[in-house]
file structure_23.txt (compact mmCIF, C-alpha atoms)
# COMPACT_ATOMS: atom_id res chain seq x y z
CA MET A 1160 25.19 -11.27 -20.08
CA GLY A 1161 22.14 -13.44 -20.63
CA VAL A 1162 19.28 -13.47 -18.13
CA ASP A 1163 19.90 -17.08 -17.03
CA GLU A 1164 23.60 -16.41 -16.53
CA PHE A 1165 22.81 -13.28 -14.52
CA ARG A 1166 20.24 -15.15 -12.44
CA THR A 1167 22.87 -17.75 -11.56
CA GLU A 1168 25.36 -15.00 -10.67
CA VAL A 1169 22.86 -13.38 -8.30
CA ARG A 1170 21.84 -16.69 -6.71
CA GLU A 1171 25.44 -17.70 -6.08
CA TRP A 1172 26.43 -14.27 -4.77
CA LEU A 1173 23.55 -14.26 -2.30
CA ALA A 1174 24.42 -17.78 -1.11
CA GLU A 1175 28.04 -16.73 -0.56
CA ASN A 1176 27.26 -13.40 1.11
CA LEU A 1177 24.15 -13.95 3.23
CA VAL A 1178 26.37 -15.53 5.87
CA GLY A 1179 28.01 -14.49 9.12
CA GLU A 1180 26.61 -11.25 10.50
CA PHE A 1181 24.34 -10.87 7.48
CA ALA A 1182 22.69 -14.28 7.94
CA SER A 1183 20.77 -13.00 10.95
CA LEU A 1184 19.11 -10.36 8.75
CA LYS A 1185 17.23 -12.86 6.58
CA GLY A 1186 13.56 -12.00 6.25
CA LEU A 1187 13.85 -8.70 8.12
CA GLY A 1188 12.43 -5.35 7.05
CA GLY A 1189 9.79 -4.31 4.56
CA PRO A 1190 6.48 -2.49 4.96
CA GLY A 1191 5.30 -2.70 8.55
CA ARG A 1192 8.70 -3.98 9.66
CA GLU A 1193 11.08 -1.20 8.66
CA HIS A 1194 12.19 -0.83 12.28
CA GLU A 1195 13.89 -4.24 12.19
CA ALA A 1196 17.70 -3.93 12.23
CA PHE A 1197 17.62 -0.78 10.11
CA GLU A 1198 21.29 0.17 10.41
CA GLU A 1199 22.38 -3.44 9.88
CA ARG A 1200 20.22 -3.64 6.75
CA ARG A 1201 21.75 -0.38 5.57
CA ALA A 1202 25.20 -1.99 5.89
CA TRP A 1203 23.90 -4.94 3.87
CA ASN A 1204 22.51 -2.57 1.22
CA GLN A 1205 25.93 -0.90 0.99
CA HIS A 1206 27.48 -4.36 0.61
CA LEU A 1207 25.14 -4.96 -2.33
CA ALA A 1208 26.20 -1.65 -3.83
CA ALA A 1209 29.89 -2.51 -3.57
CA ALA A 1210 29.15 -5.70 -5.54
CA GLY A 1211 27.36 -3.76 -8.29
CA LEU A 1212 23.94 -5.10 -7.31
CA THR A 1213 22.11 -1.81 -6.85
CA CYS A 1214 20.66 0.46 -9.54
CA LEU A 1215 20.65 -2.39 -12.05
CA GLY A 1216 18.44 -0.60 -14.56
CA TRP A 1217 20.20 2.75 -14.41
CA PRO A 1218 22.22 3.65 -17.51
CA VAL A 1219 25.91 2.78 -17.29
CA GLU A 1220 26.89 6.44 -17.64
CA HIS A 1221 25.02 7.18 -14.43
CA GLY A 1222 26.66 4.39 -12.44
CA GLY A 1223 24.16 1.61 -13.12
CA ARG A 1224 24.49 -1.57 -15.14
CA GLY A 1225 21.97 -0.76 -17.87
CA LEU A 1226 20.27 -4.14 -17.47
CA SER A 1227 16.97 -5.06 -19.06
CA VAL A 1228 13.63 -5.52 -17.33
CA ALA A 1229 14.09 -9.30 -17.58
CA HIS A 1230 17.43 -9.09 -15.77
CA ARG A 1231 15.91 -6.96 -13.01
CA VAL A 1232 12.98 -9.34 -12.63
CA ALA A 1233 15.49 -12.19 -12.22
CA PHE A 1234 17.34 -10.23 -9.53
CA TYR A 1235 14.23 -9.50 -7.46
CA GLU A 1236 13.01 -13.08 -7.77
CA GLU A 1237 16.31 -14.52 -6.58
CA TYR A 1238 16.59 -11.88 -3.88
CA ALA A 1239 13.18 -12.81 -2.51
CA ARG A 1240 13.81 -16.55 -2.76
CA ALA A 1241 17.01 -16.13 -0.74
CA ASP A 1242 14.94 -14.39 1.96
CA ALA A 1243 17.40 -11.51 1.79
CA PRO A 1244 16.62 -8.53 4.05
CA ASP A 1245 14.53 -5.73 2.63
CA LYS A 1246 16.68 -2.93 1.22
CA VAL A 1247 16.58 0.47 2.91
CA ASN A 1248 17.22 2.51 -0.23
CA HIS A 1249 14.08 1.82 -2.28
CA LEU A 1250 12.97 5.47 -2.47
CA GLY A 1251 16.38 6.62 -3.68
CA GLU A 1252 17.20 3.76 -6.02
CA GLU A 1253 13.77 3.18 -7.56
CA LEU A 1254 12.12 6.62 -7.39
CA VAL A 1255 14.24 9.76 -7.11
CA GLY A 1256 17.27 8.27 -8.90
CA PRO A 1257 15.36 7.42 -12.10
CA THR A 1258 13.57 10.79 -11.82
CA LEU A 1259 16.88 12.65 -11.78
CA ILE A 1260 18.12 10.59 -14.72
CA ALA A 1261 14.97 11.49 -16.69
CA PHE A 1262 14.44 15.11 -15.64
CA GLY A 1263 17.47 16.32 -13.66
CA THR A 1264 20.32 18.58 -14.73
CA PRO A 1265 23.85 17.20 -15.15
CA GLU A 1266 24.82 19.02 -11.95
CA GLN A 1267 21.97 17.39 -10.00
CA GLN A 1268 22.85 13.99 -11.40
CA GLN A 1269 26.52 14.35 -10.48
CA ARG A 1270 25.65 15.59 -6.99
CA PHE A 1271 23.06 12.99 -5.98
CA LEU A 1272 23.25 9.81 -8.07
CA PRO A 1273 26.57 8.46 -6.68
CA ALA A 1274 25.36 8.84 -3.07
CA ILE A 1275 22.09 7.06 -3.93
CA ARG A 1276 23.90 4.24 -5.69
CA ASP A 1277 26.35 3.78 -2.79
CA VAL A 1278 23.57 4.08 -0.14
CA THR A 1279 25.37 6.91 1.65
CA GLU A 1280 22.34 9.25 1.44
CA LEU A 1281 18.76 8.13 2.00
CA TRP A 1282 15.59 9.77 0.67
CA CYS A 1283 11.94 10.18 1.55
CA GLN A 1284 8.94 11.39 -0.46
CA GLY A 1285 7.22 14.69 0.37
CA TYR A 1286 3.93 14.39 -1.51
CA SER A 1287 0.92 13.76 0.77
CA GLU A 1288 -0.49 16.52 2.97
CA PRO A 1289 -3.41 16.62 5.43
CA GLY A 1290 -5.53 18.18 2.67
CA ALA A 1291 -3.80 16.53 -0.27
CA GLY A 1292 -3.48 12.82 0.26
CA SER A 1293 -5.66 11.12 -2.30
CA ASP A 1294 -5.99 14.41 -4.19
CA LEU A 1295 -2.34 15.25 -4.72
CA ALA A 1296 -3.11 18.25 -6.95
CA ASN A 1297 -4.45 20.01 -3.85
CA VAL A 1298 -0.92 20.54 -2.48
CA SER A 1299 -0.63 23.73 -0.42
CA THR A 1300 2.95 23.57 0.89
CA SER A 1301 4.55 26.72 -0.51
CA ALA A 1302 7.97 27.41 -1.97
CA VAL A 1303 9.08 30.99 -2.64
CA LEU A 1304 12.41 32.19 -3.95
CA ASP A 1305 14.09 34.67 -1.65
CA GLY A 1306 15.07 37.99 -3.17
CA SER A 1307 13.23 39.85 -5.91
CA HIS A 1308 13.83 37.59 -8.89
CA SER A 1309 11.12 35.41 -10.41
CA ALA A 1310 11.59 31.65 -10.51
CA SER A 1311 12.76 31.82 -14.11
CA GLU A 1312 15.44 34.36 -13.15
CA ALA A 1313 16.85 32.53 -10.15
CA THR A 1314 20.48 33.19 -9.36
CA GLY A 1315 23.03 30.79 -7.93
CA ASN A 1316 23.00 32.25 -4.42
CA GLN A 1317 19.22 32.21 -4.03
CA HIS A 1318 17.18 29.72 -2.04
CA TRP A 1319 13.67 28.37 -2.03
CA ILE A 1320 11.90 29.12 1.25
CA ILE A 1321 9.50 26.29 2.06
CA ASN A 1322 6.54 26.35 4.43
CA GLY A 1323 3.92 23.68 5.00
CA GLN A 1324 3.32 20.15 6.20
CA LYS A 1325 3.73 16.70 4.67
CA VAL A 1326 2.27 13.55 6.16
CA TRP A 1327 2.68 9.76 5.86
CA THR A 1328 6.31 10.39 4.93
CA SER A 1329 7.89 6.95 5.01
CA LEU A 1330 11.33 6.69 6.63
CA ALA A 1331 11.78 10.46 7.00
CA HIS A 1332 13.38 9.91 10.41
CA TRP A 1333 16.23 8.01 8.72
CA ALA A 1334 16.51 10.09 5.54
CA GLN A 1335 18.89 12.94 4.78
CA TRP A 1336 16.90 14.32 1.82
CA CYS A 1337 13.28 14.69 0.77
CA PHE A 1338 11.86 15.27 -2.72
CA VAL A 1339 9.06 17.75 -2.12
CA LEU A 1340 6.13 18.75 -4.30
CA ALA A 1341 5.34 22.38 -3.42
CA ARG A 1342 3.27 25.24 -4.81
CA SER A 1343 5.75 27.76 -6.16
CA GLU A 1344 3.37 30.12 -8.00
CA LYS A 1345 1.13 32.11 -5.67
CA GLY A 1346 -2.53 31.85 -6.57
CA SER A 1347 -2.07 28.84 -8.84
CA LYS A 1348 -4.59 26.02 -8.73
CA ARG A 1349 -4.52 22.26 -9.05
CA HIS A 1350 -1.77 20.87 -11.29
CA ALA A 1351 -0.38 24.26 -12.35
CA GLY A 1352 2.28 26.19 -10.45
CA LEU A 1353 3.90 23.25 -8.64
CA SER A 1354 7.63 22.61 -8.37
CA TYR A 1355 9.60 19.47 -7.52
CA LEU A 1356 12.30 20.38 -5.01
CA LEU A 1357 15.18 18.48 -3.41
CA VAL A 1358 15.28 19.51 0.24
CA PRO A 1359 17.87 18.66 2.94
CA LEU A 1360 16.22 17.50 6.17
CA ASP A 1361 19.07 18.26 8.56
CA GLN A 1362 18.29 21.95 9.08
CA PRO A 1363 16.53 24.10 11.72
CA GLY A 1364 13.43 24.66 9.55
CA VAL A 1365 12.47 20.97 9.42
CA GLU A 1366 10.66 19.07 12.19
CA ILE A 1367 9.95 15.35 11.86
CA ARG A 1368 7.29 13.77 14.08
CA PRO A 1369 6.80 9.98 13.97
CA ILE A 1370 3.25 8.64 13.57
CA VAL A 1371 2.54 5.64 15.80
CA GLN A 1372 0.90 2.82 13.80
CA LEU A 1373 -1.47 0.06 14.92
CA THR A 1374 1.58 -2.17 15.22
CA GLY A 1375 3.19 0.24 17.70
CA ASP A 1376 5.98 1.13 15.26
CA SER A 1377 6.58 4.46 13.52
CA GLU A 1378 7.85 4.20 9.98
CA PHE A 1379 5.52 6.97 8.78
CA ASN A 1380 6.05 10.58 9.81
CA GLU A 1381 4.69 14.09 9.71
CA VAL A 1382 7.23 16.59 8.35
CA PHE A 1383 6.82 20.29 9.09
CA PHE A 1384 8.65 22.95 7.04
CA THR A 1385 8.99 26.37 8.67
CA ASP A 1386 11.08 28.67 6.48
CA ALA A 1387 13.13 25.63 5.47
CA ARG A 1388 15.61 26.31 2.70
CA THR A 1389 17.06 24.62 -0.33
CA GLU A 1390 19.24 26.00 -3.11
CA ALA A 1391 17.51 27.59 -6.10
CA GLY A 1392 19.18 25.09 -8.43
CA LEU A 1393 17.65 22.10 -6.63
CA VAL A 1394 14.38 22.23 -8.54
CA VAL A 1395 13.96 19.22 -10.85
CA GLY A 1396 12.57 20.24 -14.22
CA GLU A 1397 11.37 23.78 -14.71
CA PRO A 1398 9.80 25.76 -11.84
CA GLY A 1399 6.05 25.34 -12.13
CA ASP A 1400 6.39 22.03 -14.00
CA GLY A 1401 6.46 19.90 -10.86
CA TRP A 1402 3.30 17.96 -11.62
CA ARG A 1403 4.82 16.39 -14.73
CA VAL A 1404 7.98 15.43 -12.81
CA ALA A 1405 5.98 14.08 -9.85
CA MET A 1406 3.88 11.90 -12.15
CA GLY A 1407 7.10 10.63 -13.70
CA THR A 1408 8.27 9.56 -10.25
CA LEU A 1409 5.00 7.71 -9.64
CA MET A 1410 5.46 5.80 -12.89
CA PHE A 1411 8.83 4.56 -11.61
CA GLU A 1412 7.28 3.56 -8.27
CA ARG A 1413 5.47 0.44 -9.46
CA GLY A 1414 8.16 -1.40 -11.37
CA VAL A 1415 9.77 -4.82 -11.45
CA SER A 1416 10.27 -4.87 -7.68
CA THR A 1417 6.59 -5.85 -7.41
CA LEU A 1418 7.53 -9.33 -8.62
CA GLY A 1419 9.87 -9.75 -5.68
CA GLN A 1420 7.04 -8.52 -3.49
CA GLN A 1421 4.83 -11.28 -4.88
CA ILE A 1422 7.40 -13.93 -3.99
CA ARG A 1423 7.37 -12.63 -0.42
CA TYR A 1424 3.59 -12.90 -0.54
CA ALA A 1425 3.90 -16.49 -1.74
CA ARG A 1426 6.18 -17.23 1.22
CA GLU A 1427 3.62 -15.71 3.59
CA LEU A 1428 0.86 -17.82 2.03
CA SER A 1429 2.95 -20.97 2.32
CA GLY A 1430 3.55 -20.22 6.00
CA LEU A 1431 -0.15 -19.68 6.51
CA VAL A 1432 -0.97 -23.04 4.91
CA GLU A 1433 1.44 -24.72 7.32
CA LEU A 1434 -0.16 -22.89 10.23
CA ALA A 1435 -3.61 -24.05 9.11
CA LYS A 1436 -2.39 -27.64 8.99
CA LYS A 1437 -0.73 -27.38 12.39
CA CYS A 1438 -3.74 -25.94 14.22
CA GLY A 1439 -6.33 -28.01 12.36
CA ALA A 1440 -8.01 -25.05 10.64
CA VAL A 1441 -7.33 -26.69 7.27
CA ASP A 1442 -10.11 -29.20 8.09
CA ASP A 1443 -12.63 -26.38 7.70
CA PRO A 1444 -13.81 -26.45 4.04
CA LEU A 1445 -14.26 -22.65 4.02
CA ILE A 1446 -10.67 -22.14 5.17
CA ARG A 1447 -9.43 -24.56 2.48
CA GLU A 1448 -11.45 -22.71 -0.15
CA ARG A 1449 -10.03 -19.34 0.92
CA LEU A 1450 -6.46 -20.65 0.91
CA THR A 1451 -7.00 -22.07 -2.58
CA ARG A 1452 -8.49 -18.81 -3.80
CA ALA A 1453 -5.54 -16.88 -2.33
CA TRP A 1454 -3.13 -19.13 -4.24
CA ALA A 1455 -5.06 -18.73 -7.51
CA ASP A 1456 -5.33 -14.96 -7.12
CA LEU A 1457 -1.58 -14.72 -6.48
CA GLN A 1458 -0.93 -16.59 -9.74
CA ALA A 1459 -3.24 -14.20 -11.58
CA MET A 1460 -1.42 -11.23 -10.03
CA ARG A 1461 1.90 -12.54 -11.25
CA SER A 1462 0.54 -13.22 -14.73
CA PHE A 1463 -0.78 -9.66 -14.96
CA ALA A 1464 2.56 -8.22 -13.82
CA MET A 1465 4.53 -10.26 -16.35
CA ALA A 1466 2.12 -9.47 -19.19
CA THR A 1467 2.30 -5.70 -18.63
CA MET A 1468 5.96 -5.36 -17.59
CA ASP A 1469 7.16 -4.01 -20.95
CA GLU A 1470 4.01 -2.06 -21.78
CA GLU A 1471 2.38 1.18 -20.71
CA LEU A 1472 -1.33 0.43 -20.75
CA PRO A 1473 -3.87 2.95 -19.47
CA GLY A 1474 -4.69 2.23 -15.85
CA GLN A 1475 -2.31 -0.73 -15.48
CA ASP A 1476 -0.63 0.72 -12.36
CA SER A 1477 -4.03 1.24 -10.75
CA VAL A 1478 -5.10 -2.32 -11.57
CA SER A 1479 -1.84 -3.68 -10.13
CA LYS A 1480 -2.23 -1.62 -6.94
CA LEU A 1481 -5.80 -2.87 -6.44
CA LEU A 1482 -4.74 -6.47 -7.01
CA TRP A 1483 -1.91 -6.64 -4.49
CA ALA A 1484 -3.39 -4.32 -1.87
CA ASN A 1485 -6.68 -6.19 -1.60
CA TRP A 1486 -4.99 -9.60 -1.80
CA HIS A 1487 -2.62 -8.77 1.06
CA ARG A 1488 -5.35 -7.27 3.23
CA ASP A 1489 -7.47 -10.39 2.69
CA LEU A 1490 -4.49 -12.58 3.61
CA GLY A 1491 -4.20 -10.76 6.93
CA GLU A 1492 -7.88 -11.39 7.63
CA LEU A 1493 -7.49 -15.05 6.67
CA ALA A 1494 -4.53 -15.36 9.05
CA MET A 1495 -6.66 -14.14 11.94
CA ASP A 1496 -9.48 -16.54 11.06
CA ILE A 1497 -7.01 -19.43 10.98
CA ARG A 1498 -5.54 -18.43 14.35
CA GLY A 1499 -8.95 -18.07 15.89
CA LYS A 1500 -9.12 -16.91 19.50
CA ALA A 1501 -5.35 -17.33 19.88
CA GLY A 1502 -4.91 -14.43 17.48
CA LEU A 1503 -6.48 -12.10 20.02
CA ILE A 1504 -3.82 -12.79 22.64
CA LEU A 1505 -0.55 -10.86 22.82
CA ASP A 1506 2.30 -13.22 23.68
CA GLY A 1507 4.89 -11.08 25.44
CA ASN A 1508 5.42 -7.45 24.43
CA ASP A 1509 5.23 -7.76 20.67
CA PHE A 1510 2.84 -8.98 18.01
CA ASP A 1511 3.59 -12.26 16.26
CA GLU A 1512 4.03 -12.32 12.48
CA TRP A 1513 0.35 -13.02 11.77
CA GLN A 1514 -0.97 -10.33 14.09
CA ARG A 1515 1.49 -7.86 12.56
CA LEU A 1516 0.43 -8.92 9.05
CA PHE A 1517 -3.24 -8.35 9.89
CA LEU A 1518 -2.68 -4.95 11.50
CA PHE A 1519 -0.32 -3.45 8.93
CA SER A 1520 -2.12 -4.82 5.86
CA ARG A 1521 -5.08 -2.61 6.80
CA ALA A 1522 -2.94 0.21 5.39
CA ASP A 1523 -2.21 -1.55 2.08
CA THR A 1524 -5.45 -0.31 0.52
CA ILE A 1525 -4.69 3.28 1.55
CA TYR A 1526 -1.01 4.16 1.10
CA GLY A 1527 0.37 4.56 -2.41
CA GLY A 1528 -3.09 5.63 -3.59
CA SER A 1529 -6.28 4.40 -1.92
CA ASN A 1530 -8.65 1.88 -3.48
CA GLU A 1531 -11.16 4.65 -4.15
CA VAL A 1532 -8.61 6.74 -6.03
CA GLN A 1533 -7.42 3.77 -8.12
CA ARG A 1534 -11.00 2.90 -9.09
CA ASN A 1535 -11.69 6.50 -10.06
CA ILE A 1536 -8.59 6.51 -12.27
CA ILE A 1537 -9.73 3.35 -14.04
CA ALA A 1538 -13.29 4.66 -14.40
CA GLU A 1539 -12.30 8.08 -15.74
CA ARG A 1540 -9.11 7.46 -17.73
CA VAL A 1541 -9.74 3.95 -19.03
CA LEU A 1542 -13.50 3.54 -19.23
CA GLY A 1543 -14.21 7.18 -20.05
CA LEU A 1544 -16.85 7.62 -17.35
CA PRO A 1545 -17.73 11.12 -16.06
CA ARG A 1546 -15.35 12.58 -13.50
CA GLU A 1547 -16.34 12.36 -9.87
CA ALA A 1548 -17.85 15.60 -8.56
CA ARG A 1549 -15.41 17.51 -6.35
CA GLY A 1550 -16.51 20.08 -3.82
call {"tool": "encode", "arguments": {"input": "structure_23.txt", "output": "structure tokens"}}
result
Amino acid sequence: MGVDEFRTEVREWLAENLVGEFASLKGLGGPGREHEAFEERRAWNQHLAAAGLTCLGWPVEHGGRGLSVAHRVAFYEEYARADAPDKVNHLGEELVGPTLIAFGTPEQQQRFLPAIRDVTELWCQGYSEPGAGSDLANVSTSAVLDGSHSASEATGNQHWIINGQKVWTSLAHWAQWCFVLARSEKGSKRHAGLSYLLVPLDQPGVEIRPIVQLTGDSEFNEVFFTDARTEAGLVVGEPGDGWRVAMGTLMFERGVSTLGQQIRYARELSGLVELAKKCGAVDDPLIRERLTRAWADLQAMRSFAMATMDEELPGQDSVSKLLWANWHRDLGELAMDIRGKAGLILDGNDFDEWQRLFLFSRADTIYGGSNEVQRNIIAERVLGLPREARG
């Protein structure tokens, strides 16, 4: 099927299906708003799956449609233009699913991929720790095989025993599974001796504590593992080779869905322009200049994404992260300047969309790799500058 034909199919399907009970979900969800109608959006996501509109880029043999990057771009663009609700299964569909296809065993693929595709099991990411956020190689959460065998001699009835803490774990309170980066070789340092484990969350050894955000919501969590267990066979890749698998997951993280994100950004900018006209802020030449610059920067962001979509250039993910994170944070600040004093007043018991945008976008330059980390990556891996001194 050609891209234009597929785009038409998606547009028509969305028009026919975003009706009735699903119509009320338009525009709901997404970063900073994951609490909005979560279970209803999960039902919508399952409706998408039944129509074959999840896992579009997965190979056909793994339950996907094997569609090209161009087809997936078309889907996300039409999805955003229809103001369809944010999907709840991003971490499964876009991160751990492709990771299992690339690195998993046939048994792991058969066990987990169908439930990801059908949105019957949800996932979260167990990477960051209190001492290993920006410096992921500093992971200290431990994983030890019970019994006397070494990791390479694991038997079918053995389990990994996991102890430690993860933090900033998005959607852990709704997830059934977590992919966990843990140190499985005692005494190992940095990138060596890590393993990538698939861990069930519904067990006595796991405690999930929500983290209250500036917005008052709690889509991030702390996750504590105290002698938590997972089967020996649920290590992805070889034991001790977790860094390579984890980096593979991060490569999948910033894919074509960013173009849909940019269309949502364009919708936010358009709404902000209308607000500026309505309240008279557009008469301020500085406000007009900042709105114009925001529009131009958004076009540049899209051009960069399209130009690098089919390539793997050194540092391109870091450049992309810096572009959208700083743009969105600046948009939140612009929204508050346009609102003026009215933006300081809470109307009722909840923030309005512009207050929420300002508050949550403060996190954009931190989560997913902070600005400082992205600039270090570009400096060291692209420009060849000396590595930053680490204590």
call {"tool": "closest_residue", "arguments": {"input": "structure_23.txt", "among": "A:Val1478, A:Ile1497, A:Leu1212, A:Ala1302", "to": "Gly1401 of chain A", "atoms": "all atoms listed in the file"}}
result
A:Ala1302
call {"tool": "residues_around", "arguments": {"input": "structure_23.txt", "residues": "segment 1165-1176 of chain A", "least_positions_apart": "2", "cutoff": "7 Å", "atoms": "all atoms listed in the file", "output": "list of chain:residue names"}}
result
A:Met1160, A:Gly1161, A:Val1162, A:Asp1163, A:Val1178, A:His1230, A:Ala1233, A:Phe1234, A:Glu1237, A:Ala1241
call {"tool": "atom_distance", "arguments": {"input": "structure_23.txt", "atom1": "atom CA of Arg1240 of chain A", "atom2": "atom CA of Leu1457 of chain A"}}
result
15.9 Å
call {"tool": "closest_residue", "arguments": {"input": "structure_23.txt", "among": "A:Val1255, A:Leu1505, A:Ala1453, A:Ala1209", "to": "Asn1485 of chain A", "atoms": "only C-alpha atoms"}}
result
A:Ala1453
call {"tool": "closest_residue", "arguments": {"input": "structure_23.txt", "among": "A:Ala1484, A:Ala1440, A:Leu1272, A:Ile1536", "to": "Leu1259 of chain A", "atoms": "only C-alpha atoms"}}
result
A:Leu1272
call {"tool": "atom_distance", "arguments": {"input": "structure_23.txt", "atom1": "atom CA of Ser1343 of chain A", "atom2": "atom CA of Lys1325 of chain A"}}
result
15.6 Å
call {"tool": "atom_distance", "arguments": {"input": "structure_23.txt", "atom1": "atom CA of Arg1521 of chain A", "atom2": "atom CA of Leu1445 of chain A"}}
result
22.2 Å
call {"tool": "residues_around", "arguments": {"input": "structure_23.txt", "residues": "Pro1218 of chain A", "least_positions_apart": "4", "cutoff": "12 Å", "atoms": "all atoms listed in the file", "output": "MDAnalysis selection string"}}
result
chainID A and resid 1213:1214 1222:1227 1256:1257 1259:1261 1272 1276
call {"tool": "residues_around", "arguments": {"input": "structure_23.txt", "residues": "Lys1185 of chain A", "least_positions_apart": "6", "cutoff": "6 Å", "atoms": "all atoms listed in the file", "output": "PyMOL selection string"}}
result
chain A and resi 1242-1244
call {"tool": "closest_residue", "arguments": {"input": "structure_23.txt", "among": "A:Val1395, A:Ala1464, A:Arg1546, A:Arg1368", "to": "Gly1407 of chain A", "atoms": "all atoms listed in the file"}}
result
A:Val1395
call {"tool": "closest_residue", "arguments": {"input": "structure_23.txt", "among": "A:Gln1372, A:Gln1284, A:Ser1299, A:Gln1514", "to": "Gly1251 of chain A", "atoms": "all atoms listed in the file"}}
result
A:Gln1284
call {"tool": "closest_residue", "arguments": {"input": "structure_23.txt", "among": "A:Arg1461, A:Arg1388, A:Arg1201, A:Arg1452", "to": "Val1365 of chain A", "atoms": "all atoms listed in the file"}}
result
A:Arg1388
call {"tool": "residues_near_point", "arguments": {"input": "structure_23.txt", "point": "(20.1, -6.4, 3.7)", "cutoff": "9 Å", "atoms": "only C-alpha atoms", "output": "ChimeraX atom specification"}}
result
/A:1177,1181,1184-1188,1197,1199-1207,1243-1247
call {"tool": "axis_aligned_box", "arguments": {"input": "structure_23.txt", "around": "segment 1233-1249 of chain A", "padding_each_side": "3 Å", "output": "lines of an AutoDock Vina configuration file"}}
result
center_x = 15.2
center_y = -7.0
center_z = -4.1
size_x = 10.4
size_y = 25.1
size_z = 22.3
call {"tool": "residues_around", "arguments": {"input": "structure_23.txt", "residues": "Val1382 of chain A", "least_positions_apart": "6", "cutoff": "12 Å", "atoms": "all atoms listed in the file", "output": "ChimeraX atom specification"}}
result
/A:1283-1289,1300,1321-1332,1334,1336-1337,1339,1358,1360-1361,1364-1370
call {"tool": "decode", "arguments": {"input": "structure_23.txt", "residues": "segment 1453-1498 of chain A", "atoms": "C-alpha atoms", "output": "tab-separated table (two decimals), in the first residue's frame"}}
result
chain	number	residue	atom	x	y	z
A	1453	ALA	CA	8.48	29.97	17.91
A	1454	TRP	CA	6.81	29.27	14.55
A	1455	ALA	CA	10.12	29.44	12.66
A	1456	ASP	CA	11.90	27.22	15.18
A	1457	LEU	CA	9.11	24.64	14.94
A	1458	GLN	CA	9.55	24.52	11.16
A	1459	ALA	CA	13.30	24.03	11.62
A	1460	MET	CA	12.63	21.22	14.11
A	1461	ARG	CA	10.41	19.44	11.63
A	1462	SER	CA	12.93	19.88	8.82
A	1463	PHE	CA	15.66	18.37	10.97
A	1464	ALA	CA	13.46	15.41	11.92
A	1465	MET	CA	12.52	14.70	8.31
A	1466	ALA	CA	16.11	15.05	7.08
A	1467	THR	CA	17.49	12.58	9.63
A	1468	MET	CA	14.60	10.10	9.80
A	1469	ASP	CA	16.26	7.44	7.64
A	1470	GLU	CA	19.82	8.10	8.83
A	1471	GLU	CA	21.89	7.37	11.90
A	1472	LEU	CA	24.09	10.43	12.30
A	1473	PRO	CA	26.33	10.87	15.35
A	1474	GLY	CA	24.55	12.92	17.98
A	1475	GLN	CA	21.30	13.34	16.02
A	1476	ASP	CA	19.14	12.08	18.92
A	1477	SER	CA	20.82	14.55	21.27
A	1478	VAL	CA	20.28	17.42	18.84
A	1479	SER	CA	16.62	16.46	18.44
A	1480	LYS	CA	16.11	16.26	22.22
A	1481	LEU	CA	17.67	19.70	22.73
A	1482	LEU	CA	15.53	21.20	19.98
A	1483	TRP	CA	12.13	20.05	21.21
A	1484	ALA	CA	12.82	20.26	24.94
A	1485	ASN	CA	14.01	23.86	24.85
A	1486	TRP	CA	11.33	24.89	22.35
A	1487	HIS	CA	8.53	23.49	24.52
A	1488	ARG	CA	9.93	24.99	27.72
A	1489	ASP	CA	10.17	28.39	26.01
A	1490	LEU	CA	6.58	28.03	24.79
A	1491	GLY	CA	5.43	27.55	28.38
A	1492	GLU	CA	7.25	30.71	29.42
A	1493	LEU	CA	5.75	32.61	26.48
A	1494	ALA	CA	2.27	31.42	27.50
A	1495	MET	CA	2.72	32.89	30.97
A	1496	ASP	CA	3.97	36.20	29.56
A	1497	ILE	CA	0.93	36.39	27.27
A	1498	ARG	CA	-1.44	35.63	30.15
